[in-house]
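Trainee: Here it is, the structure in full.
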Amino acid sequence: MTTLDITSSSDATSTGAAVLSFTDLEVTFGTEFGDVHAVKGVSLEVRPGEVVALVGESGSGKSVTSTTALGLLPANARVSGTVRVGDKVVGELDQAGLRTMRGNDIAMVFQEPMTALNPVLTIGDQLTEALQLHGIAYGKQAMARAADLLRMVGIPEPERRLKQYPHELSGGQRQRVVIAMAISCDPKVIVADEPTTALDVTVQADILDLLRSLKDKLDTGILLITHNMGVVADMADRVAVMLRGDLVETGTAEQVLTNPQHEYTKKLLGAVPHLGEGVGQAEVAAGQASEPGRVKPALALDNLVIEYHRLGKPAFRAVDDVSFTVGPGEIVGLVGESGSGKSTIGKCALGLIPAVSGGVRILGEDYAALGKKQLKALRRRIGVVFQDPAASINPRFPVGEAIAEPLAVHQVGDAASRHDRVLELLDAVELPRSFYNRYPHELSGGQRQRVSIARALTLEPELLVADEPTSALDVSVQASVLELFTSLQQRFGFACLFVSHDLAVIDLLAHKVVVLQDGRIVEQGDRDTVLRNPREDYTKRLLAAAPVPDPAEQRQRREDRHRLLAELGDEVVELRVGG
Amino acid sequence: MTDLQTPPAQEKSYSQGQLVRMRFFRHRGAIVAMVVLAVIVLVAFTSIGIGPIPGWWDKVPEAPYEKIGTGAPTWEHPFGQDTIGKDYFALVMLGTQKSLIIAFGVGVISTLIGTVVGAVAGYFRGWLESLLMRLTDLLLVIPLLVLAAVLGKMASAWGIWGLTIVLGIVLWTSLARLVRGEMLSLRERDFVVAATAVGTGSGRIIFKHILPNAIGTIIVSATLTISSAILLETSLSYLGYGVQAPDTSLGLLISDYQTAFTTRPWLFWWPGLMILAIALTVNFIGDGLRDAFDPRQNRTKA
């Protein structure tokens with residue numbers, strides 16, 4: 001095995017031998033509907049201490065490309081071209097050879113740390129497994145090494161953590177454990193497949209800091225797969241853009257992000273919502289909010305408290321003393337990290353969860369005081385859009401029937417008028433009328449979300465609750481869905497409670513912003529006040545952690561964030577070697 | 001290089017039902033089984049006719065005929081003759097008819113009961129669920145054969161229909177548990193929450209939104225219930241608690257002629273073969289349906 005020269009290649013443009021290289025890689029999947037050509041001739045190299053970002057939308061073949069490096073493709077895949085990891089050619093290895101290579105030469109960091117870790121094994125068991133399999137350390141020694149690894153990735157009290165199970169750790173800590181597992185056998189290259197997509201923005205910033213120090217201190221090559229241009233700007237030395245299985249553009253991060261050549265790259269970058277550019281974009285979103293006090297608010301929360309009952313434990317207070325109002329025709333953005341109670345408030349506004357105390361008044365009515373009939377009548381005036389369009393449309397209903405369902409439930413009109421209404425709505429959400437008889441599984445994510453928006457608007461609601469409606473979508477799709485959303489809001493003038501974790505999206509749409517943390521309101525007010533001149537530390541942190549798709553600006557923001565963390569008395573996360 | 005990327009879904013629109021049908025028809029074992037079962041059903045009902053309608057077979061099961069030799073199968077009597085000279089083909093066909101009626105009747109009744117109990121328990125939760133599921137548990141802990149035997153004896157006055165209803169009443173439990181499990185996971189799905197938020201009533205949510213999504217489980221379980229019903233009926237009739245003379249069934253035929261096994265083996269083999277054929281084909285069809293509804297799942301018997 002070649003020993004890497006660790007001292008020479010600390011800068012990004014090092015000429016060291018590639019630790020991972022793809023040459024003319026092609027992958028075809030045989031499916032029951034014929035062949036799918038997923039990767040069409042990709043050539044790419046990752047050198048030691050270098051981060052290469054593979055960017056593209058879902059279905060572009062970026063994950064397939066990276067899995068070939070570990071030889072983990074399913075049995076129906078046919079691969080041609082060469083993939084080299086260090087001095088090994090992946091295609092020529094037998095099963096034993098592949099097993100030795102995985103972990104020793106190449107390791108993987110997965111998107112979803114909860115599913116990447118086995119829930120019935122302790123952290124210690126999972127960390128030592130790789131060490132023992134590859135004969136690096138056994139028994140007590142392996143445990144000690146595992147504790148060292150946890151310490152390296154910045155997990156406090158590693159000895160105690162080793163005995164814990166994955167569910168006892170937070171999302172960010174779990175992802176650190178996954179990273180610790182990846183570096184446990186000192187691989188030359190790490191494939192990180194959307195390592196921060198499932199994480200909150202502040203946690204994402206921490207994990208990116210950790211990965212960055214990893215390549216600096218261990219000189220590992222990283223193949224970073226992501227769709228987030230902000231993450232690319234933050235991390236990557238070089239960028240490769242994939243479109244439907246082809247590499248359309250490669251270059252340094254500076255080049256690609258600031259001066260893109262290919263049409264598709266330009267489109268992709270143009271679609272990224274920029275935090276802080278909301279003022280210019282505000283024109284689009286400026287549905288005139290009517291003055292408060294004059295009319296009944298669409299949604300009024302008054303000292304709302306919501307608790308979840310748990311077996312054998314005291315109730316969990318998910319929402320604590322929250323008060324705000326959504327005026328008619330007004331979009332209120334509800335921002336917070338996971339677990340902040342934002343979706344719970346959304347559900348409560350839909351009358352799906354009862355409040356423990358405090359008042360929820362919707363369109364002037366109180367849920368608690370309503371009978372069954374009145375409740376149904378009230379629900380007619382509320383629409384809802386969920387995060388995952390794949391889950392929120394009944395897979396057994398064709399599109400037309402799904403959109404017409406609210407009409408059928410409330411017995412509005414006859415078959416012909418319902419049909420007309422559906423066609424009208426398909427036009428409104430810019431879907432072809434021929435989709436009427438299509439099934440949800442035949443549609444792309446963006447199209448499905450349009451269907452679900454159309455369904456929410458079927459009864460012309462006065463209040464719309466949108467729970468992360470764009471976070472399951474690709475960035476260019478997100479841009480068009482958001483544009484549609486704003487134009488629909490102007491046209492129909494509904495009030496909207498817009499729940500999101502993405503500050504840039506909120507910046508684009510909302511008139512008012514409410515920032516939540518742990519079920520409490522941290523800060524609320526006009527969008528400009530909250531997002532431009534935040535008063536609270538938490539809001540500042542959130543804003544500082546959101547990456548922007550410009551390498552120079554992002555570097556500046558990163559330094560600013562580190563300074564802010566220092567001011568607030570926090571440490572910057574980094575790999576602690578020999579600590 | 002040709003572009004093979006075009007997603008197939010864009011070329012032609014398939015509903016989920018169509019996809020399931022396409023996958024089912026590609027399952028060779030299931031297709032063969034379906035053809036065999038269709039032939040059995042067709043022959044059983046057309047040969048000797050149903051009730052007053054006469055069939056194409058020129059002999060009746062009730063009357064004895066002149067015995068040819070020992071009564072072994074001949075061209076005149078393809079399944080042979082019994083001890084007193086009755087045409088055994090006609091008898092077996094009559095038994096197959098009754099057994100099939102019982103099996104499919106049980107399949108329909110137990111599926112209806114099981115689905116409704118499971119759906120109501122899984123959707124409404126609370127005391128209703130406790131009540132229904134404890135009832136299910138109660139039925140499950142009593143040995144099936146004993147329960148069916150006692151109830152079967154009581155219902156024997158109403159002929160095979162009584163037995164059908166009784167078997168239907170004891171066989172729904174496993175389906176109820178399966179449907180309840182499906183309900184528990186489906187009711188948390190976003191599309192159900194979305195339907196609730198629109199103001200959809202419980203009945204519509206259960207029958208229009210949730211159950212169609214559980215149809216795979218229900219159909220597969222129904223076919224497997226049919227095959228276990230035919231075996232249960234056979235065992236009961238053999239033990240003397242099932243179908244009573246003058247009605248007949250495949251199990252009763254075996255029981256009636258068990259003493260003749262060494263001297264006239266065909267009297268045992270023909271009804272035995274029919275039972276085997278029906279149970280096997282129904283199981284194969286069930287397997288094919290299971291694969292068709294869930295393409296990710298490999299063919300493993302539960």
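Letters for chains follow the order of the structure tokens (A, B, ...), residue numbers begin at 1 for each chain, and ligand numbers begin at 1 in the order shown.
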Could you write out as a PyMOL selection string the residues of chain A within 6 Å of chain B, counting only C-alpha atoms?
Mentor: chain A and resi 36-37+376+379+391-394+409+442
Trainee: Go ahead and write the residues just picked, N, CA and C atoms, as a PDB file, in the first residue's frame.
Mentor:
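Wrote it out as part23.pdb, contents follow:
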```
ATOM      1  N   VAL A  36     -32.095   1.940 -17.696  1.00  0.00           N
ATOM      2  CA  VAL A  36     -31.961   3.343 -17.342  1.00  0.00           C
ATOM      3  C   VAL A  36     -30.482   3.665 -17.297  1.00  0.00           C
ATOM      4  N   HIS A  37     -30.096   4.589 -18.149  1.00  0.00           N
ATOM      5  CA  HIS A  37     -28.687   4.961 -18.252  1.00  0.00           C
ATOM      6  C   HIS A  37     -28.421   6.075 -17.245  1.00  0.00           C
ATOM      7  N   LYS A 376     -66.306  21.222  10.491  1.00  0.00           N
ATOM      8  CA  LYS A 376     -66.182  20.866   9.082  1.00  0.00           C
ATOM      9  C   LYS A 376     -66.314  22.115   8.207  1.00  0.00           C
ATOM     10  N   ARG A 379     -63.129  24.069   8.424  1.00  0.00           N
ATOM     11  CA  ARG A 379     -62.022  23.453   7.691  1.00  0.00           C
ATOM     12  C   ARG A 379     -62.100  23.727   6.195  1.00  0.00           C
ATOM     13  N   ALA A 391     -45.695  11.866   0.112  1.00  0.00           N
ATOM     14  CA  ALA A 391     -46.488  11.260   1.174  1.00  0.00           C
ATOM     15  C   ALA A 391     -47.852  11.908   1.329  1.00  0.00           C
ATOM     16  N   SER A 392     -47.998  13.145   0.857  1.00  0.00           N
ATOM     17  CA  SER A 392     -49.212  13.869   1.209  1.00  0.00           C
ATOM     18  C   SER A 392     -50.314  13.735   0.162  1.00  0.00           C
ATOM     19  N   ILE A 393     -50.051  13.045  -0.938  1.00  0.00           N
ATOM     20  CA  ILE A 393     -51.117  12.774  -1.901  1.00  0.00           C
ATOM     21  C   ILE A 393     -51.379  11.275  -1.887  1.00  0.00           C
ATOM     22  N   ASN A 394     -52.642  10.916  -1.774  1.00  0.00           N
ATOM     23  CA  ASN A 394     -53.008   9.506  -1.735  1.00  0.00           C
ATOM     24  C   ASN A 394     -52.552   8.812  -3.018  1.00  0.00           C
ATOM     25  N   VAL A 409     -65.717  16.070  -0.555  1.00  0.00           N
ATOM     26  CA  VAL A 409     -65.947  15.984   0.887  1.00  0.00           C
ATOM     27  C   VAL A 409     -67.012  16.983   1.317  1.00  0.00           C
ATOM     28  N   GLU A 442     -46.215   8.926 -10.965  1.00  0.00           N
ATOM     29  CA  GLU A 442     -45.661   9.198 -12.288  1.00  0.00           C
ATOM     30  C   GLU A 442     -45.115  10.627 -12.379  1.00  0.00           C
TER      31      GLU A 442
END
```
Trainee: Fewer than 2 positions away in the same chain doesn't count, so skip those; otherwise give me all residues within 9 Å of Leu145 of chain B, counting only C-alpha atoms, as a list in words.
Mentor: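 Surrounding residues, per the criterion: Ile142, Pro143, Leu147, Ala148, Ala149, Val150, Leu232, Ser235 and Leu236 of chain B.
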Trainee: With N, CA and C atoms retained, export the selected residues as a PDB file, in the first residue's frame.
Mentor:
```pdb
ATOM      1  N   ILE B 142     -57.967 -19.878  21.618  1.00  0.00           N
ATOM      2  CA  ILE B 142     -58.682 -21.155  21.603  1.00  0.00           C
ATOM      3  C   ILE B 142     -58.234 -21.932  20.367  1.00  0.00           C
ATOM      4  N   PRO B 143     -57.829 -23.197  20.512  1.00  0.00           N
ATOM      5  CA  PRO B 143     -57.390 -23.941  19.338  1.00  0.00           C
ATOM      6  C   PRO B 143     -58.468 -23.912  18.251  1.00  0.00           C
ATOM      7  N   LEU B 147     -62.600 -25.054  18.324  1.00  0.00           N
ATOM      8  CA  LEU B 147     -63.642 -24.044  18.191  1.00  0.00           C
ATOM      9  C   LEU B 147     -64.516 -24.334  16.974  1.00  0.00           C
ATOM     10  N   ALA B 148     -63.850 -24.615  15.840  1.00  0.00           N
ATOM     11  CA  ALA B 148     -64.579 -24.865  14.606  1.00  0.00           C
ATOM     12  C   ALA B 148     -65.424 -26.133  14.727  1.00  0.00           C
ATOM     13  N   ALA B 149     -64.896 -27.134  15.416  1.00  0.00           N
ATOM     14  CA  ALA B 149     -65.618 -28.387  15.572  1.00  0.00           C
ATOM     15  C   ALA B 149     -66.914 -28.178  16.360  1.00  0.00           C
ATOM     16  N   VAL B 150     -66.792 -27.472  17.486  1.00  0.00           N
ATOM     17  CA  VAL B 150     -67.965 -27.246  18.335  1.00  0.00           C
ATOM     18  C   VAL B 150     -69.012 -26.426  17.594  1.00  0.00           C
ATOM     19  N   LEU B 232     -59.138 -26.695   6.534  1.00  0.00           N
ATOM     20  CA  LEU B 232     -59.876 -26.801   7.797  1.00  0.00           C
ATOM     21  C   LEU B 232     -61.176 -27.577   7.594  1.00  0.00           C
ATOM     22  N   SER B 235     -60.345 -31.234   7.286  1.00  0.00           N
ATOM     23  CA  SER B 235     -60.042 -31.868   8.575  1.00  0.00           C
ATOM     24  C   SER B 235     -61.321 -32.073   9.376  1.00  0.00           C
ATOM     25  N   LEU B 236     -62.180 -31.035   9.403  1.00  0.00           N
ATOM     26  CA  LEU B 236     -63.423 -31.139  10.185  1.00  0.00           C
ATOM     27  C   LEU B 236     -64.312 -32.255   9.657  1.00  0.00           C
TER      28      LEU B 236
END
```
Trainee: Which residues, written as an MDAnalysis selection string, have at least one atom at most 10 Å from Thr263 of chain B, with only C-alpha atoms counted and residues fewer than 4 positions away on the same chain left out?
Mentor: chainID B and resid 70 259 267
Trainee: Any idea what's packed within 9 Å of Lys67 of chain B, counting only C-alpha atoms, ignoring anything in its chain fewer than 5 positions away? Could you give it as a list in words?
Mentor: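 Contacts, in chain order: Gln81, Asp82, Thr83, Ile84, Gly85 and Lys86 of chain B.
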Trainee: Put those residues in a file: N, CA and C atoms, as a PDB file, in the first residue's frame.
Mentor:
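Result saved to again_0.pdb:
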```
ATOM      1  N   GLN B  81     -65.106 -46.695  -9.388  1.00  0.00           N
ATOM      2  CA  GLN B  81     -66.407 -46.804  -8.714  1.00  0.00           C
ATOM      3  C   GLN B  81     -66.171 -47.134  -7.259  1.00  0.00           C
ATOM      4  N   ASP B  82     -67.138 -46.804  -6.411  1.00  0.00           N
ATOM      5  CA  ASP B  82     -66.952 -47.132  -4.990  1.00  0.00           C
ATOM      6  C   ASP B  82     -67.484 -48.545  -4.715  1.00  0.00           C
ATOM      7  N   THR B  83     -67.551 -48.926  -3.438  1.00  0.00           N
ATOM      8  CA  THR B  83     -67.878 -50.304  -3.074  1.00  0.00           C
ATOM      9  C   THR B  83     -69.221 -50.764  -3.627  1.00  0.00           C
ATOM     10  N   ILE B  84     -70.198 -49.855  -3.648  1.00  0.00           N
ATOM     11  CA  ILE B  84     -71.498 -50.311  -4.146  1.00  0.00           C
ATOM     12  C   ILE B  84     -71.714 -49.939  -5.606  1.00  0.00           C
ATOM     13  N   GLY B  85     -70.698 -49.371  -6.266  1.00  0.00           N
ATOM     14  CA  GLY B  85     -70.796 -49.136  -7.696  1.00  0.00           C
ATOM     15  C   GLY B  85     -71.135 -47.720  -8.101  1.00  0.00           C
ATOM     16  N   LYS B  86     -71.162 -46.740  -7.136  1.00  0.00           N
ATOM     17  CA  LYS B  86     -71.421 -45.351  -7.513  1.00  0.00           C
ATOM     18  C   LYS B  86     -70.286 -44.823  -8.377  1.00  0.00           C
TER      19      LYS B  86
END
```
Trainee: DSSP on the backbone: which residues in segment 167-257 of chain A end up as alpha helix (DSSP H)? Give the answer as an NGL selection string.
Mentor: :A and (171-183 or 201-218 or 229-235 or 253-257)
Trainee: Let's have the selection written as a short mmCIF file (atom, residue, chain, number, x, y, z; two decimals), in the first residue's frame, with N, CA and C atoms.
Mentor:
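Generated output (part.cif):
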```
data_model
loop_
_atom_site.label_atom_id
_atom_site.label_comp_id
_atom_site.auth_asym_id
_atom_site.auth_seq_id
_atom_site.Cartn_x
_atom_site.Cartn_y
_atom_site.Cartn_z
N GLY A 171 -29.13 14.91 16.48
CA GLY A 171 -28.83 14.70 15.06
C GLY A 171 -27.39 15.05 14.71
N GLY A 172 -26.93 16.18 15.21
CA GLY A 172 -25.58 16.62 14.90
C GLY A 172 -24.54 15.67 15.49
N GLN A 173 -24.81 15.19 16.73
CA GLN A 173 -23.87 14.27 17.36
C GLN A 173 -23.83 12.94 16.62
N ARG A 174 -25.00 12.52 16.16
CA ARG A 174 -25.03 11.27 15.40
C ARG A 174 -24.20 11.38 14.14
N GLN A 175 -24.33 12.54 13.46
CA GLN A 175 -23.55 12.70 12.25
C GLN A 175 -22.06 12.73 12.57
N ARG A 176 -21.70 13.27 13.75
CA ARG A 176 -20.30 13.23 14.15
C ARG A 176 -19.83 11.80 14.36
N VAL A 177 -20.71 10.98 14.95
CA VAL A 177 -20.36 9.57 15.14
C VAL A 177 -20.14 8.91 13.79
N VAL A 178 -21.01 9.22 12.82
CA VAL A 178 -20.85 8.64 11.49
C VAL A 178 -19.51 9.07 10.89
N ILE A 179 -19.15 10.33 11.11
CA ILE A 179 -17.86 10.80 10.61
C ILE A 179 -16.71 10.10 11.33
N ALA A 180 -16.87 9.91 12.64
CA ALA A 180 -15.84 9.20 13.41
C ALA A 180 -15.67 7.79 12.87
N MET A 181 -16.78 7.14 12.53
CA MET A 181 -16.69 5.80 11.96
C MET A 181 -15.96 5.84 10.63
N ALA A 182 -16.25 6.88 9.85
CA ALA A 182 -15.63 6.98 8.53
C ALA A 182 -14.12 7.15 8.64
N ILE A 183 -13.65 7.89 9.64
CA ILE A 183 -12.20 8.13 9.72
C ILE A 183 -11.51 7.10 10.59
N VAL A 201 -29.52 24.15 10.30
CA VAL A 201 -28.51 25.00 9.67
C VAL A 201 -27.32 25.28 10.60
N THR A 202 -27.56 25.48 11.90
CA THR A 202 -26.41 25.72 12.78
C THR A 202 -25.58 24.46 12.94
N VAL A 203 -26.26 23.30 12.99
CA VAL A 203 -25.54 22.04 13.09
C VAL A 203 -24.77 21.77 11.80
N GLN A 204 -25.40 22.12 10.69
CA GLN A 204 -24.74 21.96 9.40
C GLN A 204 -23.43 22.72 9.38
N ALA A 205 -23.45 23.95 9.87
CA ALA A 205 -22.23 24.75 9.87
C ALA A 205 -21.15 24.06 10.70
N ASP A 206 -21.54 23.46 11.84
CA ASP A 206 -20.58 22.75 12.68
C ASP A 206 -19.98 21.56 11.96
N ILE A 207 -20.85 20.77 11.32
CA ILE A 207 -20.38 19.56 10.64
C ILE A 207 -19.45 19.94 9.48
N LEU A 208 -19.78 21.04 8.80
CA LEU A 208 -18.91 21.48 7.70
C LEU A 208 -17.56 21.92 8.25
N ASP A 209 -17.57 22.62 9.39
CA ASP A 209 -16.30 22.99 10.03
C ASP A 209 -15.46 21.75 10.32
N LEU A 210 -16.16 20.71 10.83
CA LEU A 210 -15.48 19.47 11.18
C LEU A 210 -14.87 18.81 9.94
N LEU A 211 -15.66 18.73 8.88
CA LEU A 211 -15.16 18.10 7.65
C LEU A 211 -13.98 18.88 7.09
N ARG A 212 -14.06 20.21 7.21
CA ARG A 212 -12.98 21.04 6.67
C ARG A 212 -11.69 20.77 7.42
N SER A 213 -11.78 20.68 8.75
CA SER A 213 -10.56 20.44 9.53
C SER A 213 -10.04 19.02 9.26
N LEU A 214 -10.95 18.14 8.89
CA LEU A 214 -10.56 16.77 8.58
C LEU A 214 -9.62 16.71 7.39
N LYS A 215 -9.96 17.45 6.35
CA LYS A 215 -9.10 17.39 5.16
C LYS A 215 -7.80 18.16 5.42
N ASP A 216 -7.87 19.21 6.24
CA ASP A 216 -6.65 19.96 6.52
C ASP A 216 -5.70 19.14 7.38
N LYS A 217 -6.24 18.49 8.42
CA LYS A 217 -5.35 17.85 9.39
C LYS A 217 -4.98 16.43 9.03
N LEU A 218 -5.89 15.69 8.39
CA LEU A 218 -5.58 14.30 8.05
C LEU A 218 -5.22 14.14 6.59
N MET A 229 -25.81 24.77 -2.90
CA MET A 229 -24.72 25.59 -3.41
C MET A 229 -23.97 26.31 -2.30
N GLY A 230 -24.67 26.60 -1.22
CA GLY A 230 -24.02 27.25 -0.08
C GLY A 230 -22.97 26.33 0.52
N VAL A 231 -23.29 25.06 0.63
CA VAL A 231 -22.34 24.08 1.16
C VAL A 231 -21.15 23.95 0.22
N VAL A 232 -21.42 23.98 -1.07
CA VAL A 232 -20.34 23.91 -2.05
C VAL A 232 -19.39 25.08 -1.86
N ALA A 233 -19.97 26.28 -1.75
CA ALA A 233 -19.14 27.48 -1.60
C ALA A 233 -18.31 27.40 -0.32
N ASP A 234 -18.89 26.80 0.70
CA ASP A 234 -18.24 26.74 1.99
C ASP A 234 -17.08 25.75 1.98
N MET A 235 -17.22 24.65 1.26
CA MET A 235 -16.30 23.53 1.41
C MET A 235 -15.40 23.26 0.22
N ALA A 253 -13.95 26.01 -7.39
CA ALA A 253 -15.19 26.52 -6.82
C ALA A 253 -15.41 27.98 -7.22
N GLU A 254 -14.30 28.79 -7.18
CA GLU A 254 -14.40 30.19 -7.59
C GLU A 254 -15.00 30.31 -8.99
N GLN A 255 -14.35 29.58 -9.91
CA GLN A 255 -14.77 29.66 -11.31
C GLN A 255 -16.23 29.30 -11.49
N VAL A 256 -16.58 28.13 -10.99
CA VAL A 256 -17.91 27.62 -11.28
C VAL A 256 -18.99 28.47 -10.60
N LEU A 257 -18.74 28.89 -9.38
CA LEU A 257 -19.79 29.58 -8.65
C LEU A 257 -19.89 31.06 -9.02
#
```
Trainee: Report, in Å to a single decimal, how far apart atom CA of Gly288 of chain B and atom CA of Ser249 of chain B are.
Mentor: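 Between atom CA of Ser249 of chain B and atom CA of Gly288 of chain B the gap is 27.9 Å.
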